[in-house]
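One structure below.
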Amino acid sequence: MKKQGFTTRSLNVPYSKTDPHKSLQMPLYEAVAFEFDSAEQIEANFRGEYAAHVYSRSSSPTVEYFELKLKALTQSHAVLAVSSGMAAISDTILAITKSGENIIAGHQLFGHTYALFTQTLVEFGLAVRLSKLKQPEEIEKLIDEKTRAIYFETVTNPQLEIADIEMLAQIARKHNLMLIADSTLTPPNVFRAGKWGVNIEVVSVTKHISGGTGFGGVIIDHGNFNWKLNPNFSKYTEKFGANAFIAKLRKNIYRNTGGSMAPQTAKFMIQGLDILELRVEKCYKNCLALGQFLKSHPKVKTVDYPGLKDDSGFKLTEKYFNGIPGTIMSFDLESKAACFQFMNRLKIIRRATNLNDNKSLIIHPYSTIYAEFPEEKRREAGIRDTMMRLSVGIENVEDLIADLDNALA
Ligand SMILES: *Cc1c(COP(=O)(O)O)cnc(C)c1O
């Protein structure tokens, strides 16, 4: 049979156990602990010989179903759901490194990832070496025997730069390093990370997957890295083989740091996945229409959206993301004052900091997300005081265009 489409598959992922009531929706198990039939059974569970949920910080049925769905949809080896995108990133880095080691990351990063990498982790003896990802020689110069991974974001925000993923995968393989992608901006219906040599994907499901309805993160293991190449997994490769990474998370880092996803949140995420493709397609169509409208408006100086044919990122967008480079764009007016006046006149598009909400959201990154950065760092990061970031939602496109038109008048 021909491979089914994303939404059909999402709606038909089987539960791990038959529901006694044959519920068509995965029930919400708001349970803390789970019971065993006998002392022998609970002993077998703790020995690893009888799989069952025990305590919801480690695993629970509704969260497990969200993981199963995402595993099927990404055709990956294993998925772990956690409490936020930042928990997915920090758990992953803590699992693959120890004090004295380093990773290499793209220099354009989500703000709190940048803060984690340049402030928090440094205090624990981990170094994150930042590099321009478009320059393979620069990346290779930073690699040494203590390097454990190359980390990048599929589309950077708000710069909207797209890395050449195949090139990064080649460098990672050549040096026996893992390749980690933060693919938050390019959801699994447009980007197949495993196909391009990404080993681990970290995602803030707070964004596209929830559509702004809940907070969470996921770690996706594509099953294509030999864990024996990383000495921090030696204890786990012996016992768990190809499951070394996920076992180290579940039995150590994730369990012991406690950043688990709440069952109620998993329920939102399950619904989010079922209608992800519909929402992303709508946002993308809106994005194209708004991008073209803004481009043709005399008060708009520049428009950046790699989904537009004349954008410098369009080729990579077609290659890696099926033409859909997420649904965020940025554009410039002539001054900061003009941006503020414009934002204050908007009636449908909301002034808020989230991304990929079902609602369209706008922000002036220079005065908010990057406010704590010195001028020079902002310039380096390509953050202009004339620029706004627009995250396009699923509203009716004529209403969004009317809102922009009115605010620009
Ligand atoms: C939002 C975001 C994160 C962090 O996710 P949270 O769910 O807010 O913790 C990480 N990376 C990117 C690219 C993001 O947009």
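Numbering starts fresh at 1 for the residues of each chain in the structure tokens, the chains themselves are lettered A, B, ... in the order given, and ligands are numbered from 1 as they appear.
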Using only C-alpha atoms and all ligand atoms, I'd like a table of the residues in chain A that come within 9 Å of ligand 1; for each, show the closest atom pair and its distance in Å rounded to one decimal, ordered by chain and ascending number, as CSV.
residue,atom,partner,partner_atom_place_in_ligand_line,distance
A:Ser83,CA,ligand 1,7 (O),7.7
A:Ser84,CA,ligand 1,7 (O),4.1
A:Gly85,CA,ligand 1,5 (O),3.3
A:Met86,CA,ligand 1,9 (O),3.9
A:Ala87,CA,ligand 1,9 (O),6.5
A:Ala88,CA,ligand 1,9 (O),7.9
A:Ile89,CA,ligand 1,10 (C),7.5
A:Leu109,CA,ligand 1,13 (C),7.3
A:Phe110,CA,ligand 1,13 (C),5.2
A:Gly111,CA,ligand 1,10 (C),8.1
A:His112,CA,ligand 1,4 (C),7.0
A:Thr113,CA,ligand 1,10 (C),6.4
A:Glu153,CA,ligand 1,13 (C),6.5
A:Thr154,CA,ligand 1,13 (C),8.3
A:Val155,CA,ligand 1,13 (C),7.9
A:Thr156,CA,ligand 1,13 (C),7.1
A:Asn157,CA,ligand 1,13 (C),7.0
A:Asp182,CA,ligand 1,13 (C),6.1
A:Ser183,CA,ligand 1,13 (C),6.8
A:Thr184,CA,ligand 1,13 (C),5.0
A:Leu185,CA,ligand 1,13 (C),6.1
A:Val202,CA,ligand 1,11 (N),8.0
A:Val203,CA,ligand 1,11 (N),6.7
A:Ser204,CA,ligand 1,5 (O),4.3
A:Val205,CA,ligand 1,7 (O),6.3
A:Thr206,CA,ligand 1,7 (O),4.8
A:Lys207,CA,ligand 1,1 (C),6.6
A:Gly214,CA,ligand 1,7 (O),8.9
A:Phe215,CA,ligand 1,7 (O),5.7
A:Gly216,CA,ligand 1,7 (O),5.3
A:Gly217,CA,ligand 1,7 (O),5.8
A:Asn354,CA,ligand 1,1 (C),7.2
A:Leu355,CA,ligand 1,15 (O),6.5
A:Asn356,CA,ligand 1,15 (O),8.7
Atoms kept (N, CA, C and O atoms) for selection, written as a short mmCIF file (atom, residue, chain, number, x, y, z; two decimals), in the first residue's frame:
data_model
loop_
_atom_site.label_atom_id
_atom_site.label_comp_id
_atom_site.auth_asym_id
_atom_site.auth_seq_id
_atom_site.Cartn_x
_atom_site.Cartn_y
_atom_site.Cartn_z
N SER A 83 8.99 18.88 29.70
CA SER A 83 8.13 19.98 30.14
C SER A 83 8.21 21.24 29.29
O SER A 83 7.32 22.08 29.34
N SER A 84 9.27 21.43 28.51
CA SER A 84 9.40 22.64 27.68
C SER A 84 10.47 22.40 26.62
O SER A 84 11.24 21.43 26.71
N GLY A 85 10.54 23.30 25.67
CA GLY A 85 11.61 23.22 24.68
C GLY A 85 12.98 23.34 25.35
O GLY A 85 13.92 22.61 25.00
N MET A 86 13.09 24.23 26.33
CA MET A 86 14.38 24.38 27.01
C MET A 86 14.76 23.12 27.78
O MET A 86 15.95 22.79 27.88
N ALA A 87 13.77 22.40 28.34
CA ALA A 87 14.08 21.13 29.02
C ALA A 87 14.60 20.11 28.01
O ALA A 87 15.54 19.35 28.31
N ALA A 88 14.05 20.11 26.79
CA ALA A 88 14.53 19.18 25.76
C ALA A 88 16.00 19.48 25.44
O ALA A 88 16.83 18.57 25.31
N ILE A 89 16.33 20.77 25.32
CA ILE A 89 17.69 21.16 24.97
C ILE A 89 18.65 20.86 26.12
O ILE A 89 19.70 20.24 25.93
N LEU A 109 21.11 31.90 17.66
CA LEU A 109 20.35 30.93 18.46
C LEU A 109 19.15 31.59 19.10
O LEU A 109 19.17 32.79 19.38
N PHE A 110 18.13 30.79 19.37
CA PHE A 110 17.00 31.23 20.18
C PHE A 110 17.57 31.83 21.48
O PHE A 110 18.51 31.28 22.06
N GLY A 111 17.00 32.96 21.94
CA GLY A 111 17.57 33.73 23.06
C GLY A 111 17.93 32.92 24.29
O GLY A 111 19.03 33.05 24.83
N HIS A 112 17.00 32.07 24.75
CA HIS A 112 17.28 31.35 26.00
C HIS A 112 18.24 30.18 25.77
O HIS A 112 18.94 29.76 26.69
N THR A 113 18.30 29.68 24.54
CA THR A 113 19.32 28.67 24.22
C THR A 113 20.70 29.33 24.30
O THR A 113 21.65 28.79 24.87
N GLU A 153 20.03 25.32 14.56
CA GLU A 153 18.59 25.52 14.42
C GLU A 153 18.26 25.48 12.92
O GLU A 153 18.95 26.13 12.14
N THR A 154 17.21 24.77 12.55
CA THR A 154 16.92 24.58 11.12
C THR A 154 16.67 25.92 10.42
O THR A 154 17.15 26.13 9.31
N VAL A 155 15.91 26.79 11.07
CA VAL A 155 15.73 28.16 10.56
C VAL A 155 15.97 29.06 11.76
O VAL A 155 15.34 28.86 12.79
N THR A 156 16.87 30.02 11.66
CA THR A 156 17.13 30.86 12.82
C THR A 156 16.08 31.96 12.88
O THR A 156 15.46 32.31 11.89
N ASN A 157 15.90 32.46 14.09
CA ASN A 157 14.82 33.40 14.35
C ASN A 157 15.36 34.56 15.15
O ASN A 157 16.02 34.33 16.15
N ASP A 182 17.67 21.81 16.42
CA ASP A 182 16.45 22.38 16.98
C ASP A 182 15.56 22.69 15.78
O ASP A 182 15.83 23.62 15.02
N SER A 183 14.52 21.87 15.61
CA SER A 183 13.68 22.00 14.41
C SER A 183 12.33 22.62 14.74
O SER A 183 11.36 22.41 14.02
N THR A 184 12.29 23.40 15.82
CA THR A 184 11.03 24.00 16.27
C THR A 184 10.29 24.74 15.15
O THR A 184 9.07 24.65 15.04
N LEU A 185 11.03 25.48 14.31
CA LEU A 185 10.37 26.30 13.30
C LEU A 185 9.90 25.50 12.07
O LEU A 185 9.13 26.01 11.27
N VAL A 202 15.65 18.31 18.78
CA VAL A 202 15.00 18.89 19.96
C VAL A 202 13.96 19.88 19.45
O VAL A 202 14.22 20.62 18.49
N VAL A 203 12.78 19.85 20.04
CA VAL A 203 11.68 20.66 19.53
C VAL A 203 10.92 21.30 20.69
O VAL A 203 10.62 20.64 21.68
N SER A 204 10.62 22.59 20.55
CA SER A 204 9.67 23.21 21.46
C SER A 204 8.29 22.97 20.88
O SER A 204 7.91 23.59 19.89
N VAL A 205 7.52 22.05 21.51
CA VAL A 205 6.19 21.75 20.99
C VAL A 205 5.18 22.81 21.45
O VAL A 205 4.00 22.77 21.08
N THR A 206 5.66 23.75 22.25
CA THR A 206 4.89 24.94 22.62
C THR A 206 4.46 25.70 21.36
O THR A 206 3.45 26.39 21.37
N LYS A 207 5.24 25.56 20.29
CA LYS A 207 5.04 26.38 19.10
C LYS A 207 4.07 25.69 18.12
O LYS A 207 2.92 25.52 18.45
N GLY A 214 -0.35 24.92 24.80
CA GLY A 214 0.30 24.27 25.94
C GLY A 214 1.80 24.33 25.83
O GLY A 214 2.36 24.60 24.76
N PHE A 215 2.47 24.06 26.93
CA PHE A 215 3.91 24.17 27.03
C PHE A 215 4.58 22.81 26.99
O PHE A 215 4.18 21.92 27.73
N GLY A 216 5.58 22.62 26.15
CA GLY A 216 6.27 21.33 26.18
C GLY A 216 7.43 21.25 25.22
O GLY A 216 7.69 22.17 24.43
N GLY A 217 8.15 20.14 25.31
CA GLY A 217 9.28 19.90 24.41
C GLY A 217 9.38 18.42 24.10
O GLY A 217 8.78 17.59 24.81
N ASN A 354 5.29 34.91 21.65
CA ASN A 354 5.33 33.50 21.22
C ASN A 354 5.46 33.38 19.69
O ASN A 354 5.40 34.37 18.96
N LEU A 355 5.66 32.14 19.23
CA LEU A 355 5.78 31.83 17.80
C LEU A 355 4.78 30.75 17.43
O LEU A 355 4.49 29.88 18.25
N ASN A 356 4.34 30.77 16.17
CA ASN A 356 3.53 29.67 15.64
C ASN A 356 2.30 29.37 16.48
O ASN A 356 1.85 28.25 16.59
#
Counting only C-alpha atoms, what is within 8 Å of Ser16 (chain A), bar same-chain residues fewer than 2 positions away, as a PDB file with N, CA and C atoms, in the first residue's frame?
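File written: around16.pdb
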ATOM      1  N   PRO A  14      -1.998   3.485  16.829  1.00  0.00           N
ATOM      2  CA  PRO A  14      -2.672   2.686  17.873  1.00  0.00           C
ATOM      3  C   PRO A  14      -2.181   3.028  19.287  1.00  0.00           C
ATOM      4  N   THR A  18      -5.102  -1.686  24.554  1.00  0.00           N
ATOM      5  CA  THR A  18      -6.491  -1.477  24.128  1.00  0.00           C
ATOM      6  C   THR A  18      -7.257  -0.761  25.231  1.00  0.00           C
ATOM      7  N   TYR A  65       1.394   8.151  24.809  1.00  0.00           N
ATOM      8  CA  TYR A  65       0.694   8.120  23.526  1.00  0.00           C
ATOM      9  C   TYR A  65       1.151   9.272  22.627  1.00  0.00           C
TER      10      TYR A  65
END
Report the distance between CA of Asp221 (chain A) and CA of Val79 (chain A) in Å, rounded to one decimal place.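 CA of Asp221 (chain A) sits 6.3 Å away from CA of Val79 (chain A).
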Excluding region 160-164 of chain A and any residue of its chain fewer than 3 positions from it, enumerate the residues within 10 Å of it, using only C-alpha atoms, and give them as a PyMOL selection string. chain A and resi 106+108+132-136+152-157+167-169+185+196+304-306+312-317+319-320+325-326+328-330
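The shortest atom-to-atom distance to Leu229 (chain A), with only C-alpha atoms taken into account, belongs to A:Ile96 out of A:Leu346, A:Ile362, A:Ala78, A:Ile96.
Considering only region 112-144 of chain A, backbone DSSP assigns helix (DSSP H, G or I) to His112, Thr113, Tyr114, Ala115, Leu116, Phe117, Thr118, Gln119, Thr120, Leu121, Val122, Glu123, Phe124, Pro136, Glu137, Glu138, Ile139, Glu140, Lys141 and Leu142 of chain A.
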Who sits within 9 Å of Arg9 (chain A), only C-alpha atoms, same chain under 2 positions skipped, as a PDB file with all heavy atoms, in the first residue's frame:
ATOM      1  N   GLN A   4       0.773   6.371   3.638  1.00  0.00           N
ATOM      2  CA  GLN A   4      -0.304   7.326   3.903  1.00  0.00           C
ATOM      3  C   GLN A   4       0.248   8.705   4.237  1.00  0.00           C
ATOM      4  O   GLN A   4       1.391   8.848   4.651  1.00  0.00           O
ATOM      5  CB  GLN A   4      -1.154   6.815   5.069  1.00  0.00           C
ATOM      6  CG  GLN A   4      -1.918   5.559   4.704  1.00  0.00           C
ATOM      7  CD  GLN A   4      -2.554   4.922   5.921  1.00  0.00           C
ATOM      8  OE1 GLN A   4      -2.157   5.180   7.053  1.00  0.00           O
ATOM      9  NE2 GLN A   4      -3.537   4.077   5.689  1.00  0.00           N
ATOM     10  N   GLY A   5      -0.614   9.706   4.113  1.00  0.00           N
ATOM     11  CA  GLY A   5      -0.232  11.085   4.406  1.00  0.00           C
ATOM     12  C   GLY A   5      -0.099  11.338   5.903  1.00  0.00           C
ATOM     13  O   GLY A   5      -0.525  10.520   6.723  1.00  0.00           O
ATOM     14  N   PHE A   6       0.464  12.468   6.242  1.00  0.00           N
ATOM     15  CA  PHE A   6       0.783  12.823   7.633  1.00  0.00           C
ATOM     16  C   PHE A   6      -0.457  12.779   8.531  1.00  0.00           C
ATOM     17  O   PHE A   6      -0.460  12.150   9.586  1.00  0.00           O
ATOM     18  CB  PHE A   6       1.421  14.223   7.641  1.00  0.00           C
ATOM     19  CG  PHE A   6       1.936  14.644   8.979  1.00  0.00           C
ATOM     20  CD1 PHE A   6       3.240  14.359   9.360  1.00  0.00           C
ATOM     21  CD2 PHE A   6       1.118  15.336   9.873  1.00  0.00           C
ATOM     22  CE1 PHE A   6       3.721  14.759  10.609  1.00  0.00           C
ATOM     23  CE2 PHE A   6       1.597  15.724  11.118  1.00  0.00           C
ATOM     24  CZ  PHE A   6       2.901  15.437  11.478  1.00  0.00           C
ATOM     25  N   THR A   7      -1.523  13.432   8.089  1.00  0.00           N
ATOM     26  CA  THR A   7      -2.707  13.543   8.957  1.00  0.00           C
ATOM     27  C   THR A   7      -3.398  12.191   9.129  1.00  0.00           C
ATOM     28  O   THR A   7      -3.796  11.827  10.238  1.00  0.00           O
ATOM     29  CB  THR A   7      -3.680  14.603   8.393  1.00  0.00           C
ATOM     30  OG1 THR A   7      -2.960  15.836   8.274  1.00  0.00           O
ATOM     31  CG2 THR A   7      -4.872  14.812   9.298  1.00  0.00           C
ATOM     32  N   LEU A  11      -3.900  10.368  12.818  1.00  0.00           N
ATOM     33  CA  LEU A  11      -5.208   9.994  13.378  1.00  0.00           C
ATOM     34  C   LEU A  11      -5.321   8.504  13.667  1.00  0.00           C
ATOM     35  O   LEU A  11      -6.273   8.067  14.300  1.00  0.00           O
ATOM     36  CB  LEU A  11      -6.322  10.424  12.412  1.00  0.00           C
ATOM     37  CG  LEU A  11      -6.544  11.939  12.317  1.00  0.00           C
ATOM     38  CD1 LEU A  11      -7.364  12.287  11.085  1.00  0.00           C
ATOM     39  CD2 LEU A  11      -7.218  12.469  13.573  1.00  0.00           C
ATOM     40  N   ASN A  12      -4.370   7.712  13.196  1.00  0.00           N
ATOM     41  CA  ASN A  12      -4.509   6.256  13.301  1.00  0.00           C
ATOM     42  C   ASN A  12      -3.363   5.545  14.004  1.00  0.00           C
ATOM     43  O   ASN A  12      -3.161   4.350  13.801  1.00  0.00           O
ATOM     44  CB  ASN A  12      -4.740   5.672  11.900  1.00  0.00           C
ATOM     45  CG  ASN A  12      -6.105   6.074  11.365  1.00  0.00           C
ATOM     46  OD1 ASN A  12      -7.126   5.623  11.874  1.00  0.00           O
ATOM     47  ND2 ASN A  12      -6.136   6.953  10.385  1.00  0.00           N
ATOM     48  N   VAL A  13      -2.644   6.251  14.843  1.00  0.00           N
ATOM     49  CA  VAL A  13      -1.583   5.595  15.619  1.00  0.00           C
ATOM     50  C   VAL A  13      -2.248   4.804  16.749  1.00  0.00           C
ATOM     51  O   VAL A  13      -3.029   5.359  17.522  1.00  0.00           O
ATOM     52  CB  VAL A  13      -0.597   6.636  16.206  1.00  0.00           C
ATOM     53  CG1 VAL A  13       0.413   5.968  17.125  1.00  0.00           C
ATOM     54  CG2 VAL A  13       0.106   7.384  15.079  1.00  0.00           C
ATOM     55  N   LYS A  69       2.862   8.718  18.976  1.00  0.00           N
ATOM     56  CA  LYS A  69       2.367   9.389  17.775  1.00  0.00           C
ATOM     57  C   LYS A  69       3.517  10.088  17.048  1.00  0.00           C
ATOM     58  O   LYS A  69       3.666   9.960  15.828  1.00  0.00           O
ATOM     59  CB  LYS A  69       1.345  10.450  18.198  1.00  0.00           C
ATOM     60  CG  LYS A  69      -0.081  10.068  17.925  1.00  0.00           C
ATOM     61  CD  LYS A  69      -0.990  11.148  18.456  1.00  0.00           C
ATOM     62  CE  LYS A  69      -1.865  11.711  17.372  1.00  0.00           C
ATOM     63  NZ  LYS A  69      -3.143  11.032  17.205  1.00  0.00           N
ATOM     64  N   ALA A  72       5.857   7.625  15.385  1.00  0.00           N
ATOM     65  CA  ALA A  72       5.314   7.117  14.116  1.00  0.00           C
ATOM     66  C   ALA A  72       5.418   8.187  13.028  1.00  0.00           C
ATOM     67  O   ALA A  72       5.802   7.902  11.894  1.00  0.00           O
ATOM     68  CB  ALA A  72       3.858   6.688  14.309  1.00  0.00           C
ATOM     69  N   LEU A  73       5.104   9.424  13.374  1.00  0.00           N
ATOM     70  CA  LEU A  73       5.076  10.490  12.366  1.00  0.00           C
ATOM     71  C   LEU A  73       6.466  10.879  11.892  1.00  0.00           C
ATOM     72  O   LEU A  73       6.637  11.334  10.768  1.00  0.00           O
ATOM     73  CB  LEU A  73       4.345  11.719  12.921  1.00  0.00           C
ATOM     74  CG  LEU A  73       2.839  11.520  13.085  1.00  0.00           C
ATOM     75  CD1 LEU A  73       2.210  12.662  13.865  1.00  0.00           C
ATOM     76  CD2 LEU A  73       2.184  11.385  11.716  1.00  0.00           C
ATOM     77  N   ASP A 274      -2.815  16.081  15.381  1.00  0.00           N
ATOM     78  CA  ASP A 274      -3.856  15.668  14.422  1.00  0.00           C
ATOM     79  C   ASP A 274      -4.205  16.774  13.427  1.00  0.00           C
ATOM     80  O   ASP A 274      -4.591  16.488  12.299  1.00  0.00           O
ATOM     81  CB  ASP A 274      -5.118  15.214  15.170  1.00  0.00           C
ATOM     82  CG  ASP A 274      -4.925  13.860  15.839  1.00  0.00           C
ATOM     83  OD1 ASP A 274      -3.968  13.150  15.474  1.00  0.00           O
ATOM     84  OD2 ASP A 274      -5.724  13.519  16.728  1.00  0.00           O
TER      85      ASP A 274
END
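Note that CA of Asn176 (chain A) and CA of Arg192 (chain A) are 21.6 Å apart.
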Could you write out, as number ranges by chain, all the residues of region 78-205 of chain A that DSSP marks as strand (DSSP E or B)? A: 78-82, 102-106, 127-131, 147-153, 155, 162, 178-182, 200-204
Residue contacts of Phe36 (chain A) (9 Å, only C-alpha atoms) excluding same-chain residues fewer than 4 positions away, as a list in words: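 My reading of the contact set: Glu40, Gln41, Ile42, Ala52 and Val54 of chain A.
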Just write the chosen residues, all heavy atoms, as a compact mmCIF listing (two decimals), in the first residue's frame.
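Written output follows (part.txt):
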# COMPACT_ATOMS: atom_id res chain seq x y z
N GLU A 40 6.00 -9.64 43.47
CA GLU A 40 6.89 -10.21 42.46
C GLU A 40 6.86 -9.38 41.18
O GLU A 40 7.88 -9.18 40.53
CB GLU A 40 6.47 -11.67 42.13
CG GLU A 40 6.77 -12.68 43.22
CD GLU A 40 5.77 -12.62 44.39
OE1 GLU A 40 4.71 -11.97 44.27
OE2 GLU A 40 6.08 -13.23 45.45
N GLN A 41 5.65 -8.91 40.84
CA GLN A 41 5.52 -8.13 39.61
C GLN A 41 6.25 -6.79 39.71
O GLN A 41 6.93 -6.36 38.79
CB GLN A 41 4.02 -7.90 39.33
CG GLN A 41 3.73 -7.48 37.91
CD GLN A 41 2.24 -7.28 37.70
OE1 GLN A 41 1.59 -6.58 38.47
NE2 GLN A 41 1.71 -7.91 36.67
N ILE A 42 6.13 -6.18 40.86
CA ILE A 42 6.80 -4.87 41.01
C ILE A 42 8.33 -5.08 41.05
O ILE A 42 9.09 -4.29 40.49
CB ILE A 42 6.24 -4.07 42.23
CG1 ILE A 42 6.68 -2.59 42.14
CG2 ILE A 42 6.64 -4.63 43.56
CD1 ILE A 42 5.90 -1.69 43.07
N ALA A 52 5.96 -1.41 32.61
CA ALA A 52 4.69 -0.82 33.04
C ALA A 52 4.98 0.59 33.54
O ALA A 52 6.11 0.90 33.91
CB ALA A 52 4.07 -1.65 34.16
N VAL A 54 5.00 3.36 36.31
CA VAL A 54 5.19 3.23 37.76
C VAL A 54 4.81 4.53 38.46
O VAL A 54 4.02 4.54 39.40
CB VAL A 54 6.66 2.90 38.07
CG1 VAL A 54 6.88 2.77 39.59
CG2 VAL A 54 7.08 1.61 37.37
Can you list, as a PyMOL selection string, every protein, DNA or RNA residue that comes within 10 Å of Leu288 (chain A) when you count only C-alpha atoms, leaving out same-chain residues fewer than 3 positions away? chain A and resi 283-285+291-294+305-309+324+327+329+392
Nearest residue to Gln25 (chain A) out of A:Thr62, A:Ile219, A:Cys339, A:Gly241, using only C-alpha atoms?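 For Gln25 (chain A), the nearest of the candidates is A:Thr62.
Considering the residues A:Ser210, A:Ser59, A:Ser234, A:Thr120 and counting only C-alpha atoms, Asn358 (chain A) has its shortest atom-to-atom contact with A:Ser210.
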So which residues touch region 100-103 of chain A within 7 Å, counting only C-alpha atoms, skipping near sequence neighbours fewer than 4 positions away, as a PyMOL selection string? chain A and resi 125-129+146-150
Mind writing the picked residues with all heavy atoms as a tab-separated table (two decimals), in the first residue's frame?
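Result saved to result-v9.tsv:
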chain	number	residue	atom	x	y	z
A	125	GLY	N	31.22	23.87	33.77
A	125	GLY	CA	32.43	23.39	33.08
A	125	GLY	C	32.22	22.92	31.66
A	125	GLY	O	33.08	22.25	31.09
A	126	LEU	N	31.08	23.28	31.06
A	126	LEU	CA	30.85	22.90	29.65
A	126	LEU	C	31.07	24.13	28.78
A	126	LEU	O	30.66	25.22	29.14
A	126	LEU	CB	29.41	22.43	29.45
A	126	LEU	CG	29.02	21.16	30.17
A	126	LEU	CD1	27.53	20.90	30.01
A	126	LEU	CD2	29.81	19.98	29.59
A	127	ALA	N	31.72	23.93	27.65
A	127	ALA	CA	31.94	25.05	26.75
A	127	ALA	C	31.10	24.87	25.49
A	127	ALA	O	31.02	23.78	24.94
A	127	ALA	CB	33.41	25.14	26.38
A	128	VAL	N	30.44	25.94	25.06
A	128	VAL	CA	29.76	25.92	23.77
A	128	VAL	C	30.50	26.89	22.86
A	128	VAL	O	30.62	28.06	23.17
A	128	VAL	CB	28.27	26.29	23.90
A	128	VAL	CG1	27.61	26.27	22.52
A	128	VAL	CG2	27.56	25.31	24.83
A	129	ARG	N	31.05	26.36	21.78
A	129	ARG	CA	31.83	27.18	20.85
A	129	ARG	C	30.92	27.60	19.70
A	129	ARG	O	30.38	26.74	19.00
A	129	ARG	CB	33.01	26.37	20.32
A	129	ARG	CG	33.91	25.91	21.46
A	129	ARG	CD	35.00	24.98	21.01
A	129	ARG	NE	35.91	24.72	22.13
A	129	ARG	CZ	36.92	23.89	22.10
A	129	ARG	NH1	37.18	23.21	20.98
A	129	ARG	NH2	37.70	23.72	23.15
A	146	LYS	N	37.66	16.81	22.67
A	146	LYS	CA	36.61	16.94	23.71
A	146	LYS	C	35.27	17.40	23.13
A	146	LYS	O	34.34	17.68	23.89
A	146	LYS	CB	37.07	17.95	24.77
A	146	LYS	CG	38.34	17.57	25.51
A	146	LYS	CD	38.01	16.67	26.66
A	146	LYS	CE	39.26	16.49	27.51
A	146	LYS	NZ	39.12	15.41	28.47
A	147	THR	N	35.20	17.53	21.83
A	147	THR	CA	33.95	17.97	21.21
A	147	THR	C	33.00	16.79	21.09
A	147	THR	O	33.40	15.70	20.69
A	147	THR	CB	34.22	18.57	19.82
A	147	THR	OG1	35.19	19.61	19.96
A	147	THR	CG2	32.96	19.16	19.21
A	148	ARG	N	31.72	17.00	21.46
A	148	ARG	CA	30.76	15.89	21.44
A	148	ARG	C	29.63	16.06	20.43
A	148	ARG	O	28.94	15.09	20.12
A	148	ARG	CB	30.14	15.71	22.84
A	148	ARG	CG	31.15	15.32	23.92
A	148	ARG	CD	31.66	13.90	23.72
A	148	ARG	NE	32.79	13.64	24.59
A	148	ARG	CZ	34.04	13.43	24.17
A	148	ARG	NH1	34.32	13.43	22.88
A	148	ARG	NH2	35.02	13.23	25.03
A	149	ALA	N	29.39	17.28	19.95
A	149	ALA	CA	28.26	17.45	19.03
A	149	ALA	C	28.33	18.76	18.28
A	149	ALA	O	29.03	19.69	18.69
A	149	ALA	CB	26.94	17.41	19.82
A	150	ILE	N	27.61	18.80	17.16
A	150	ILE	CA	27.34	20.05	16.45
A	150	ILE	C	25.85	20.32	16.60
A	150	ILE	O	25.03	19.42	16.39
A	150	ILE	CB	27.73	19.97	14.96
A	150	ILE	CG1	29.23	19.68	14.84
A	150	ILE	CG2	27.35	21.26	14.23
A	150	ILE	CD1	29.68	19.46	13.40
